[in-house]
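S.K.: Can you keep this structure in mind? I'll have questions shortly.
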Amino acid sequence: MSRALRVAVIGSGPSGMYAADALVGQTDVPVTVDVIDKLPVPFGLVRYGVAPDHHSIRSVRDTLDKILDKPGVRFIGDLEVGSDISVAELHQYFDAVIFTYGASRDRRLGIPGEDLAGSVAATDFVAWYCGHPEADRAEFESLVPSATAAVVVGVGNVAVDVTRVLGKTVAELNDTDMPQHVFDTLDKSGITDIYVLGRRGPAQATFTTKELKELGELADADVIIDPAVMELDAFSAEQAASDKATARNVEVMREWSTRTPSGKRRRIHMHFFARPVELTGDDRVRQVVVERTALDATGGASGTGELYTVDADFVVRSVGYRGTALDEVPFDSGKNVIPSADGRVQRDGVTVPSEYVAGWIKRGPTGIIGTNKKCAVGTVASLIEDVSANLLPAAPRGTIEEFDARIADLETVDTAGWRSIDRAERALGESAGRARTSLHTEAGMLAASKG
Ligand SMILES: Cc1cc2nc3c(=O)[nH]c(=O)nc-3n(C[C@H](O)[C@H](O)[C@H](O)COP(=O)(O)OP(=O)(O)OC[C@H]3O[C@@H](n4cnc5c(N)ncnc54)[C@H](O)[C@@H]3O)c2cc1C
């Protein structure tokens with residue numbers, strides 16, 4: 001090919017950024033990459049998922065940001081594929097497309113009352129406290145100050161993040177980049193009790209020990225666990241004996257179960273072998289009906305039929321994220337991923353030419369940020385292999401200048417625009433004695449992008 005290969009990467013989360021890095025980092029084929037995102041700002045869940053008080057993990061964005069400075073990489077923000085431009089159109093201008101648009105919707109519990117006011121998906125609550133421009137600010141500004149008790153359903157790291165944010169004082173969150181209205185709303189929270197429900201036992205919880213431990217170190221929240229639940233059944237004891245991470249979690253929770261609550265303003269109650277079967281209420285959720293469970297022979301949870309209720313007027317359902325389909329692109333609606341083989345998109349078991357996939361929309365919502373690097377590098381290796389084997393279709397009809405002209409009328413944000421937003425966020429933070437405060441409206445971001 002006499003010119004550089006042109007690749008469009010759809011989504012600027014870790015998988016998209018690592019894919020761009022791998023593309024311009026290899027030396028077999030000259031490449032230019034446009035990293036397209038529907039938001040005016042890059043980095044996906046590193047900005048809108050990773051907890052704002054986890055500074056070292058959030059700082060991954062500085063590493064990702066450096067990729068945008070590499071020759072051949074452009075950022076095009078505020079361009080939504082599927083509505084502003086179609087995948088078919090992208091194929092007119094790019095030799096290959098890599099889907100890295102993540103898995104941003106919530107999984108449902110599938111129980112009566114799930115849609116009562118006051119019952120929210122963790123995806124939405126996390127988006128709100130991270131300042132996502134699509135978050136429903138009015139909903140949380142109404143729900144959080146009027147809530148007295150919360151139930152968090154789930155025992156993964158996202159559930160721990162949510163519990164910690166609800167359990168912390170605003171002083172403990174003060175050094176984060178949360179928007180001011182989030183501080184103000186959390187400051188008015190009337191929540192005194194937070195119940196964390198896990199449908200299996202403490203040995204089966206999927207949180208990591210470091211994140212778990214933080215719950216026991218909050219300034220104004222005691223953690224409460226029934227000591228009886230820490231007497232492990234044979235299956236769980238075997239699990240703890242054979243897996244160090246499980247053993248560490250069990251040790252932390254066993255220590256908590258011996259603590260006497262010190263009278264702090266909030267209490268975090270860890271309930272295991274507990275699955276919600278119904279939310280009840282009137283104008284909003286008031287109670288969660290919980291069924292006690294027991295482990296079956298394979299470590300799964302079976303209902304015992306024994307019910308109890310928890311009074312709660314705020315319920316956060318944290319049972320996982322899921323991917324959604326993009327028009328024209330093959331989708332496995334059972335696994336909620338784009339079907340692929342070695343990163344090559346598959347339709348009915350046949351490779352779709354010049355379409356690739358990486359990250360959560362390829363593997364599902366699992367793994368840490370670094371997992372996406374290996375995943376993206378693997379996908380890029382397949383793409384480069386296909387180019388070298390002349391397997392990509394004939395060159396696209398449109399030039400990159402024609403692509404730029406196509407999107408010229410849309411208000412997009414380039415790398416320089418993102419840098420302006422970045423500067424504006426740092427300046428806003430500085431004015432409040434913080435390192436950064438996130439801009440939280442699309443209009444505000446677009447205005448800042450123009451310097
Ligand atoms: C609440 C939460 C906390 C987490 N905490 C940690 C942690 O502490 N440590 C850790 O290692 N991992 C953590 N993770 C996991 C980590 O964030 C993911 O592994 C990672 O972000 C997945 O990367 P991705 O690029 O596949 O998707 P994403 O990060 O979701 O990026 C997808 C991007 O695609 C864009 N997009 C979506 N649709 C379109 C479209 N139609 N057109 C254009 N762009 C589009 C989105 O705006 C987004 O920027 C956490 C995840 C969550 C949800």
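Residue names in the structure tokens use chain letters A, B, ... in the order shown, residue numbers from 1 in each chain, and ligand numbers from 1 in the order shown.
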Name each residue within 6 Å of ligand 1, counting only C-alpha atoms and all ligand atoms, as a ChimeraX atom specification.
M.R.: /A:10-16,36-39,42-46,49-51,57,80-82,100-104,126,158,359-360,367-369
S.K.: Just write the chosen residues, C-alpha atoms, as a short mmCIF file (atom, residue, chain, number, x, y, z; two decimals), in the first residue's frame.
M.R.:
data_model
loop_
_atom_site.label_atom_id
_atom_site.label_comp_id
_atom_site.auth_asym_id
_atom_site.auth_seq_id
_atom_site.Cartn_x
_atom_site.Cartn_y
_atom_site.Cartn_z
CA ILE A 10 -14.53 3.17 18.19
CA GLY A 11 -14.27 3.98 21.90
CA SER A 12 -11.45 5.70 23.78
CA GLY A 13 -11.49 3.60 26.95
CA PRO A 14 -8.42 1.54 27.86
CA SER A 15 -9.01 -1.04 25.13
CA GLY A 16 -9.31 1.63 22.41
CA ILE A 36 -13.53 8.07 18.07
CA ASP A 37 -15.65 8.56 21.20
CA LYS A 38 -19.25 9.61 21.67
CA LEU A 39 -18.18 11.78 24.61
CA PRO A 42 -11.51 10.29 26.36
CA PHE A 43 -10.70 7.25 28.54
CA GLY A 44 -14.12 5.64 29.12
CA LEU A 45 -14.52 3.92 32.47
CA VAL A 46 -11.12 5.08 33.68
CA GLY A 49 -16.11 4.00 36.41
CA VAL A 50 -12.92 3.77 38.45
CA ALA A 51 -13.71 5.29 41.84
CA ILE A 57 -5.76 3.73 39.48
CA GLU A 80 -21.31 8.81 18.27
CA VAL A 81 -21.01 5.87 15.96
CA GLY A 82 -24.48 4.57 15.17
CA THR A 100 -13.81 -0.95 21.62
CA TYR A 101 -17.02 0.67 22.80
CA GLY A 102 -17.26 -1.19 26.12
CA ALA A 103 -20.21 -2.57 28.05
CA SER A 104 -21.96 0.31 29.73
CA VAL A 126 -21.39 5.48 39.44
CA VAL A 158 -18.20 -2.05 41.99
CA GLY A 359 -11.97 -4.87 25.46
CA TRP A 360 -15.22 -5.38 27.34
CA GLY A 367 -10.71 -8.20 34.34
CA ILE A 368 -8.73 -5.18 35.37
CA ILE A 369 -7.61 -2.28 33.18
#
S.K.: Report as a VMD selection string: the residues of stretch 118-333 of chain A with a DSSP assignment of strand (DSSP E or B), based on the backbone of this structure.
M.R.: chain A and resid 119 to 121 149 to 153 193 to 197 221 to 224 266 to 271 274 to 281 285 to 295 301 to 311 314 to 317 321 to 322 332
S.K.: Which one of A:Val277, A:Ala228, A:Val288, A:Ala301 sits closest to A:Arg200 if you count only C-alpha atoms?
M.R.: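 Once distances to A:Arg200 are computed over only C-alpha atoms, the minimum belongs to A:Ala301.
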S.K.: Any idea what's packed within 10 Å of stretch 261-270 of chain A, counting only C-alpha atoms, ignoring anything in its chain fewer than 2 positions away? Could you give it as a PyMOL selection string?
M.R.: chain A and resi 149-152+155+163-164+166-169+190-198+202+215-216+218-226+229+253+256-259+272+274
S.K.: Any chance you could list, as a PyMOL selection string, the residues in stretch 196-308 of chain A that come up helix (DSSP H, G or I) when DSSP is run on the backbone?
M.R.: chain A and resi 202-204+209-215+227-230+234-242+244-257
S.K.: Generate a file of the selected residues that holds C-alpha atoms, formatted as a CSV table (one decimal), in the first residue's frame.
M.R.:
chain,number,residue,atom,x,y,z
A,202,PRO,CA,-18.0,-14.6,52.3
A,203,ALA,CA,-15.7,-17.1,50.6
A,204,GLN,CA,-17.4,-16.6,47.3
A,209,THR,CA,-8.9,-7.6,49.6
A,210,LYS,CA,-7.4,-4.2,49.2
A,211,GLU,CA,-10.8,-2.7,48.2
A,212,LEU,CA,-12.6,-4.7,50.8
A,213,LYS,CA,-10.3,-3.6,53.6
A,214,GLU,CA,-11.0,0.1,53.0
A,215,LEU,CA,-14.6,-0.4,54.2
A,227,PRO,CA,-19.8,-13.9,63.4
A,228,ALA,CA,-21.9,-17.0,62.7
A,229,VAL,CA,-21.6,-16.4,58.9
A,230,MET,CA,-17.8,-16.5,59.3
A,234,ALA,CA,-16.9,-27.4,54.2
A,235,PHE,CA,-17.1,-26.1,50.6
A,236,SER,CA,-16.1,-22.5,51.6
A,237,ALA,CA,-13.3,-23.7,54.0
A,238,GLU,CA,-11.8,-25.8,51.1
A,239,GLN,CA,-12.0,-22.7,48.9
A,240,ALA,CA,-10.3,-20.5,51.5
A,241,ALA,CA,-7.6,-23.2,52.0
A,242,SER,CA,-6.8,-23.5,48.3
A,244,LYS,CA,-5.0,-17.1,48.9
A,245,ALA,CA,-7.2,-14.2,47.8
A,246,THR,CA,-10.2,-15.9,49.3
A,247,ALA,CA,-8.3,-16.6,52.5
A,248,ARG,CA,-7.3,-12.9,52.8
A,249,ASN,CA,-10.9,-11.7,52.3
A,250,VAL,CA,-12.2,-14.2,54.9
A,251,GLU,CA,-9.5,-13.1,57.3
A,252,VAL,CA,-10.5,-9.4,56.9
A,253,MET,CA,-14.2,-10.1,57.4
A,254,ARG,CA,-13.6,-12.5,60.3
A,255,GLU,CA,-11.8,-9.7,62.1
A,256,TRP,CA,-14.7,-7.4,61.4
A,257,SER,CA,-17.1,-9.9,62.8
S.K.: Report as JSON lines: every residue of stretch 33-150 of chain A with an atom at most 8 Å from stretch 304-324 of chain A, its closest pair of atoms, and their distance in Å to one decimal, counting only C-alpha atoms, with rows sorted by chain and ascending residue number.
M.R.:
{"residue": "A:Gly102", "atom": "CA", "partner": "A:Gly323", "partner_atom": "CA", "distance": 6.4}
{"residue": "A:Ala103", "atom": "CA", "partner": "A:Gly323", "partner_atom": "CA", "distance": 3.7}
{"residue": "A:Ser104", "atom": "CA", "partner": "A:Tyr321", "partner_atom": "CA", "distance": 6.0}
{"residue": "A:Arg105", "atom": "CA", "partner": "A:Arg322", "partner_atom": "CA", "distance": 5.2}
{"residue": "A:Asp106", "atom": "CA", "partner": "A:Tyr321", "partner_atom": "CA", "distance": 4.6}
{"residue": "A:Arg107", "atom": "CA", "partner": "A:Gly320", "partner_atom": "CA", "distance": 5.4}
{"residue": "A:Arg108", "atom": "CA", "partner": "A:Val319", "partner_atom": "CA", "distance": 7.4}
{"residue": "A:Leu109", "atom": "CA", "partner": "A:Val319", "partner_atom": "CA", "distance": 7.5}
{"residue": "A:Gly118", "atom": "CA", "partner": "A:Phe314", "partner_atom": "CA", "distance": 4.8}
{"residue": "A:Ser119", "atom": "CA", "partner": "A:Val315", "partner_atom": "CA", "distance": 4.5}
{"residue": "A:Val120", "atom": "CA", "partner": "A:Val316", "partner_atom": "CA", "distance": 5.1}
{"residue": "A:Ala121", "atom": "CA", "partner": "A:Arg317", "partner_atom": "CA", "distance": 4.8}
{"residue": "A:Ala122", "atom": "CA", "partner": "A:Ser318", "partner_atom": "CA", "distance": 5.0}
{"residue": "A:Thr123", "atom": "CA", "partner": "A:Tyr321", "partner_atom": "CA", "distance": 7.2}
{"residue": "A:Phe125", "atom": "CA", "partner": "A:Val316", "partner_atom": "CA", "distance": 7.6}
{"residue": "A:Leu143", "atom": "CA", "partner": "A:Phe314", "partner_atom": "CA", "distance": 7.2}
{"residue": "A:Val144", "atom": "CA", "partner": "A:Phe314", "partner_atom": "CA", "distance": 7.6}
{"residue": "A:Ala147", "atom": "CA", "partner": "A:Asp313", "partner_atom": "CA", "distance": 5.6}
{"residue": "A:Thr148", "atom": "CA", "partner": "A:Asp313", "partner_atom": "CA", "distance": 6.5}
{"residue": "A:Ala149", "atom": "CA", "partner": "A:Ala312", "partner_atom": "CA", "distance": 4.7}
{"residue": "A:Ala150", "atom": "CA", "partner": "A:Phe314", "partner_atom": "CA", "distance": 4.6}
S.K.: I need the chosen residues saved as a PDB file, in the first residue's frame, with N, CA and C atoms.
M.R.:
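The result, stored in again.pdb:
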ATOM      1  N   GLY A 102     -16.970  -0.850  24.727  1.00  0.00           N
ATOM      2  CA  GLY A 102     -17.260  -1.186  26.119  1.00  0.00           C
ATOM      3  C   GLY A 102     -18.615  -1.829  26.354  1.00  0.00           C
ATOM      4  N   ALA A 103     -18.970  -1.904  27.624  1.00  0.00           N
ATOM      5  CA  ALA A 103     -20.212  -2.568  28.052  1.00  0.00           C
ATOM      6  C   ALA A 103     -20.814  -1.712  29.149  1.00  0.00           C
ATOM      7  N   SER A 104     -21.621  -0.726  28.758  1.00  0.00           N
ATOM      8  CA  SER A 104     -21.964   0.310  29.728  1.00  0.00           C
ATOM      9  C   SER A 104     -23.367   0.195  30.321  1.00  0.00           C
ATOM     10  N   ARG A 105     -24.134  -0.834  29.963  1.00  0.00           N
ATOM     11  CA  ARG A 105     -25.487  -0.946  30.521  1.00  0.00           C
ATOM     12  C   ARG A 105     -25.474  -1.866  31.739  1.00  0.00           C
ATOM     13  N   ASP A 106     -26.554  -1.800  32.526  1.00  0.00           N
ATOM     14  CA  ASP A 106     -26.613  -2.641  33.730  1.00  0.00           C
ATOM     15  C   ASP A 106     -27.310  -3.961  33.443  1.00  0.00           C
ATOM     16  N   ARG A 107     -26.948  -4.972  34.228  1.00  0.00           N
ATOM     17  CA  ARG A 107     -27.720  -6.214  34.235  1.00  0.00           C
ATOM     18  C   ARG A 107     -28.892  -6.028  35.183  1.00  0.00           C
ATOM     19  N   ARG A 108     -30.007  -6.699  34.895  1.00  0.00           N
ATOM     20  CA  ARG A 108     -31.182  -6.527  35.749  1.00  0.00           C
ATOM     21  C   ARG A 108     -31.288  -7.671  36.750  1.00  0.00           C
ATOM     22  N   LEU A 109     -31.981  -7.398  37.853  1.00  0.00           N
ATOM     23  CA  LEU A 109     -32.195  -8.453  38.841  1.00  0.00           C
ATOM     24  C   LEU A 109     -33.330  -9.369  38.406  1.00  0.00           C
ATOM     25  N   GLY A 118     -36.153   5.073  43.529  1.00  0.00           N
ATOM     26  CA  GLY A 118     -35.224   4.776  44.628  1.00  0.00           C
ATOM     27  C   GLY A 118     -34.417   3.518  44.371  1.00  0.00           C
ATOM     28  N   SER A 119     -34.825   2.736  43.357  1.00  0.00           N
ATOM     29  CA  SER A 119     -34.044   1.560  42.977  1.00  0.00           C
ATOM     30  C   SER A 119     -33.267   1.931  41.718  1.00  0.00           C
ATOM     31  N   VAL A 120     -31.945   1.938  41.820  1.00  0.00           N
ATOM     32  CA  VAL A 120     -31.125   2.418  40.697  1.00  0.00           C
ATOM     33  C   VAL A 120     -30.055   1.386  40.353  1.00  0.00           C
ATOM     34  N   ALA A 121     -29.597   1.458  39.115  1.00  0.00           N
ATOM     35  CA  ALA A 121     -28.492   0.590  38.696  1.00  0.00           C
ATOM     36  C   ALA A 121     -27.173   1.217  39.146  1.00  0.00           C
ATOM     37  N   ALA A 122     -26.223   0.375  39.544  1.00  0.00           N
ATOM     38  CA  ALA A 122     -24.899   0.892  39.923  1.00  0.00           C
ATOM     39  C   ALA A 122     -24.294   1.677  38.759  1.00  0.00           C
ATOM     40  N   THR A 123     -24.557   1.218  37.528  1.00  0.00           N
ATOM     41  CA  THR A 123     -24.029   1.932  36.358  1.00  0.00           C
ATOM     42  C   THR A 123     -24.432   3.412  36.413  1.00  0.00           C
ATOM     43  N   PHE A 125     -25.580   5.149  39.163  1.00  0.00           N
ATOM     44  CA  PHE A 125     -25.071   5.847  40.353  1.00  0.00           C
ATOM     45  C   PHE A 125     -23.589   6.201  40.178  1.00  0.00           C
ATOM     46  N   LEU A 143     -32.990  11.706  45.390  1.00  0.00           N
ATOM     47  CA  LEU A 143     -32.970  10.440  46.130  1.00  0.00           C
ATOM     48  C   LEU A 143     -32.006  10.420  47.311  1.00  0.00           C
ATOM     49  N   VAL A 144     -30.788  10.914  47.097  1.00  0.00           N
ATOM     50  CA  VAL A 144     -29.752  10.720  48.126  1.00  0.00           C
ATOM     51  C   VAL A 144     -30.064  11.503  49.413  1.00  0.00           C
ATOM     52  N   ALA A 147     -32.881   9.801  51.441  1.00  0.00           N
ATOM     53  CA  ALA A 147     -32.750   8.383  51.811  1.00  0.00           C
ATOM     54  C   ALA A 147     -32.253   8.246  53.244  1.00  0.00           C
ATOM     55  N   THR A 148     -32.699   7.178  53.904  1.00  0.00           N
ATOM     56  CA  THR A 148     -32.246   6.910  55.279  1.00  0.00           C
ATOM     57  C   THR A 148     -31.458   5.607  55.377  1.00  0.00           C
ATOM     58  N   ALA A 149     -31.805   4.640  54.498  1.00  0.00           N
ATOM     59  CA  ALA A 149     -31.096   3.355  54.530  1.00  0.00           C
ATOM     60  C   ALA A 149     -30.951   2.850  53.098  1.00  0.00           C
ATOM     61  N   ALA A 150     -29.778   2.300  52.814  1.00  0.00           N
ATOM     62  CA  ALA A 150     -29.507   1.841  51.447  1.00  0.00           C
ATOM     63  C   ALA A 150     -29.225   0.341  51.442  1.00  0.00           C
TER      64      ALA A 150
END
S.K.: List the spatial neighbours of A:Val170 as a VMD selection string - criterion: any atom at most 10 Å away, only C-alpha atoms, same-chain residues fewer than 6 positions off excluded.
M.R.: chain A and resid 182 to 189
S.K.: Let me make sure I understand: among A:Val352, A:Ile76, A:Ala416, A:Leu23, which one has the smallest atom-to-atom distance to A:Ala381 if we use only C-alpha atoms?
M.R.: A:Leu23
S.K.: Neighbours of A:Glu89 within 12 Å (only C-alpha atoms; same-chain residues fewer than 4 positions away dropped), as a PDB file with N, CA and C atoms, in the first residue's frame?
M.R.:
ATOM      1  N   ALA A   8     -10.021   3.119  12.157  1.00  0.00           N
ATOM      2  CA  ALA A   8     -10.904   3.829  13.093  1.00  0.00           C
ATOM      3  C   ALA A   8     -11.112   2.936  14.309  1.00  0.00           C
ATOM      4  N   VAL A  81     -20.843   6.800  17.079  1.00  0.00           N
ATOM      5  CA  VAL A  81     -21.008   5.865  15.961  1.00  0.00           C
ATOM      6  C   VAL A  81     -22.358   5.180  16.145  1.00  0.00           C
ATOM      7  N   GLY A  82     -23.132   5.137  15.070  1.00  0.00           N
ATOM      8  CA  GLY A  82     -24.482   4.573  15.165  1.00  0.00           C
ATOM      9  C   GLY A  82     -25.526   5.671  15.093  1.00  0.00           C
ATOM     10  N   SER A  83     -25.161   6.904  15.492  1.00  0.00           N
ATOM     11  CA  SER A  83     -26.121   8.003  15.316  1.00  0.00           C
ATOM     12  C   SER A  83     -25.503   9.156  14.523  1.00  0.00           C
ATOM     13  N   ASP A  84     -24.305   9.625  14.889  1.00  0.00           N
ATOM     14  CA  ASP A  84     -23.680  10.715  14.110  1.00  0.00           C
ATOM     15  C   ASP A  84     -23.116  10.187  12.796  1.00  0.00           C
ATOM     16  N   ILE A  85     -22.635   8.965  12.854  1.00  0.00           N
ATOM     17  CA  ILE A  85     -22.055   8.359  11.650  1.00  0.00           C
ATOM     18  C   ILE A  85     -22.237   6.845  11.770  1.00  0.00           C
ATOM     19  N   TYR A  93     -14.181   5.304   4.588  1.00  0.00           N
ATOM     20  CA  TYR A  93     -12.995   6.154   4.778  1.00  0.00           C
ATOM     21  C   TYR A  93     -11.811   5.425   5.425  1.00  0.00           C
ATOM     22  N   PHE A  94     -12.103   4.297   6.064  1.00  0.00           N
ATOM     23  CA  PHE A  94     -11.040   3.593   6.811  1.00  0.00           C
ATOM     24  C   PHE A  94     -10.853   2.178   6.266  1.00  0.00           C
ATOM     25  N   ASP A  95      -9.594   1.711   6.333  1.00  0.00           N
ATOM     26  CA  ASP A  95      -9.313   0.346   5.872  1.00  0.00           C
ATOM     27  C   ASP A  95      -9.836  -0.688   6.866  1.00  0.00           C
ATOM     28  N   ALA A  96      -9.842  -0.318   8.132  1.00  0.00           N
ATOM     29  CA  ALA A  96     -10.308  -1.262   9.156  1.00  0.00           C
ATOM     30  C   ALA A  96     -10.930  -0.499  10.314  1.00  0.00           C
ATOM     31  N   VAL A  97     -11.841  -1.177  11.009  1.00  0.00           N
ATOM     32  CA  VAL A  97     -12.527  -0.592  12.150  1.00  0.00           C
ATOM     33  C   VAL A  97     -12.322  -1.526  13.340  1.00  0.00           C
ATOM     34  N   GLU A 328     -25.824  -2.823  12.579  1.00  0.00           N
ATOM     35  CA  GLU A 328     -25.080  -3.440  11.472  1.00  0.00           C
ATOM     36  C   GLU A 328     -23.957  -4.359  11.951  1.00  0.00           C
ATOM     37  N   PRO A 396     -10.494   1.881   0.773  1.00  0.00           N
ATOM     38  CA  PRO A 396     -11.750   2.615   0.863  1.00  0.00           C
ATOM     39  C   PRO A 396     -11.831   3.710  -0.207  1.00  0.00           C
ATOM     40  N   ARG A 397     -13.087   4.057  -0.560  1.00  0.00           N
ATOM     41  CA  ARG A 397     -13.267   5.042  -1.636  1.00  0.00           C
ATOM     42  C   ARG A 397     -12.925   6.454  -1.185  1.00  0.00           C
ATOM     43  N   GLY A 398     -13.258   6.788   0.071  1.00  0.00           N
ATOM     44  CA  GLY A 398     -13.069   8.174   0.520  1.00  0.00           C
ATOM     45  C   GLY A 398     -11.695   8.399   1.118  1.00  0.00           C
ATOM     46  N   GLU A 402     -11.750  13.738   3.003  1.00  0.00           N
ATOM     47  CA  GLU A 402     -13.210  13.657   2.797  1.00  0.00           C
ATOM     48  C   GLU A 402     -13.920  13.256   4.092  1.00  0.00           C
ATOM     49  N   PHE A 403     -13.256  12.392   4.879  1.00  0.00           N
ATOM     50  CA  PHE A 403     -13.836  12.038   6.176  1.00  0.00           C
ATOM     51  C   PHE A 403     -13.919  13.296   7.056  1.00  0.00           C
ATOM     52  N   ARG A 406     -16.692  15.327   6.033  1.00  0.00           N
ATOM     53  CA  ARG A 406     -17.978  14.699   6.404  1.00  0.00           C
ATOM     54  C   ARG A 406     -18.386  15.072   7.837  1.00  0.00           C
ATOM     55  N   ILE A 407     -17.368  15.142   8.727  1.00  0.00           N
ATOM     56  CA  ILE A 407     -17.723  15.410  10.141  1.00  0.00           C
ATOM     57  C   ILE A 407     -17.534  16.893  10.514  1.00  0.00           C
TER      58      ILE A 407
END
S.K.: Pick from A:Ala135, A:Val290, A:Ile384, A:Met178: nearest to A:Arg199, with only C-alpha atoms counted?
M.R.: A:Val290
S.K.: Skipping near chain neighbours, those fewer than 5 positions away, what residues fall within 10 Å of A:Gly444 using only C-alpha atoms, listed as a VMD selection string?
M.R.: chain A and resid 133 421 424 439 449
S.K.: Would you put the residues from that selection into a file with N, CA and C atoms, as a PDB file, in the first residue's frame?
M.R.:
ATOM      1  N   PRO A 133     -21.758  13.134  31.671  1.00  0.00           N
ATOM      2  CA  PRO A 133     -22.728  14.117  31.171  1.00  0.00           C
ATOM      3  C   PRO A 133     -24.132  13.545  30.941  1.00  0.00           C
ATOM      4  N   ILE A 421     -10.054  21.134  27.578  1.00  0.00           N
ATOM      5  CA  ILE A 421     -10.978  20.690  28.635  1.00  0.00           C
ATOM      6  C   ILE A 421     -10.171  20.298  29.870  1.00  0.00           C
ATOM      7  N   ALA A 424      -9.064  23.279  31.704  1.00  0.00           N
ATOM      8  CA  ALA A 424     -10.199  23.925  32.395  1.00  0.00           C
ATOM      9  C   ALA A 424     -10.565  23.145  33.659  1.00  0.00           C
ATOM     10  N   LEU A 439     -15.655  18.517  34.661  1.00  0.00           N
ATOM     11  CA  LEU A 439     -16.795  19.192  34.038  1.00  0.00           C
ATOM     12  C   LEU A 439     -17.829  18.105  33.793  1.00  0.00           C
ATOM     13  N   SER A 449     -13.585  23.156  25.398  1.00  0.00           N
ATOM     14  CA  SER A 449     -12.718  22.594  24.331  1.00  0.00           C
ATOM     15  C   SER A 449     -12.244  23.688  23.374  1.00  0.00           C
TER      16      SER A 449
END
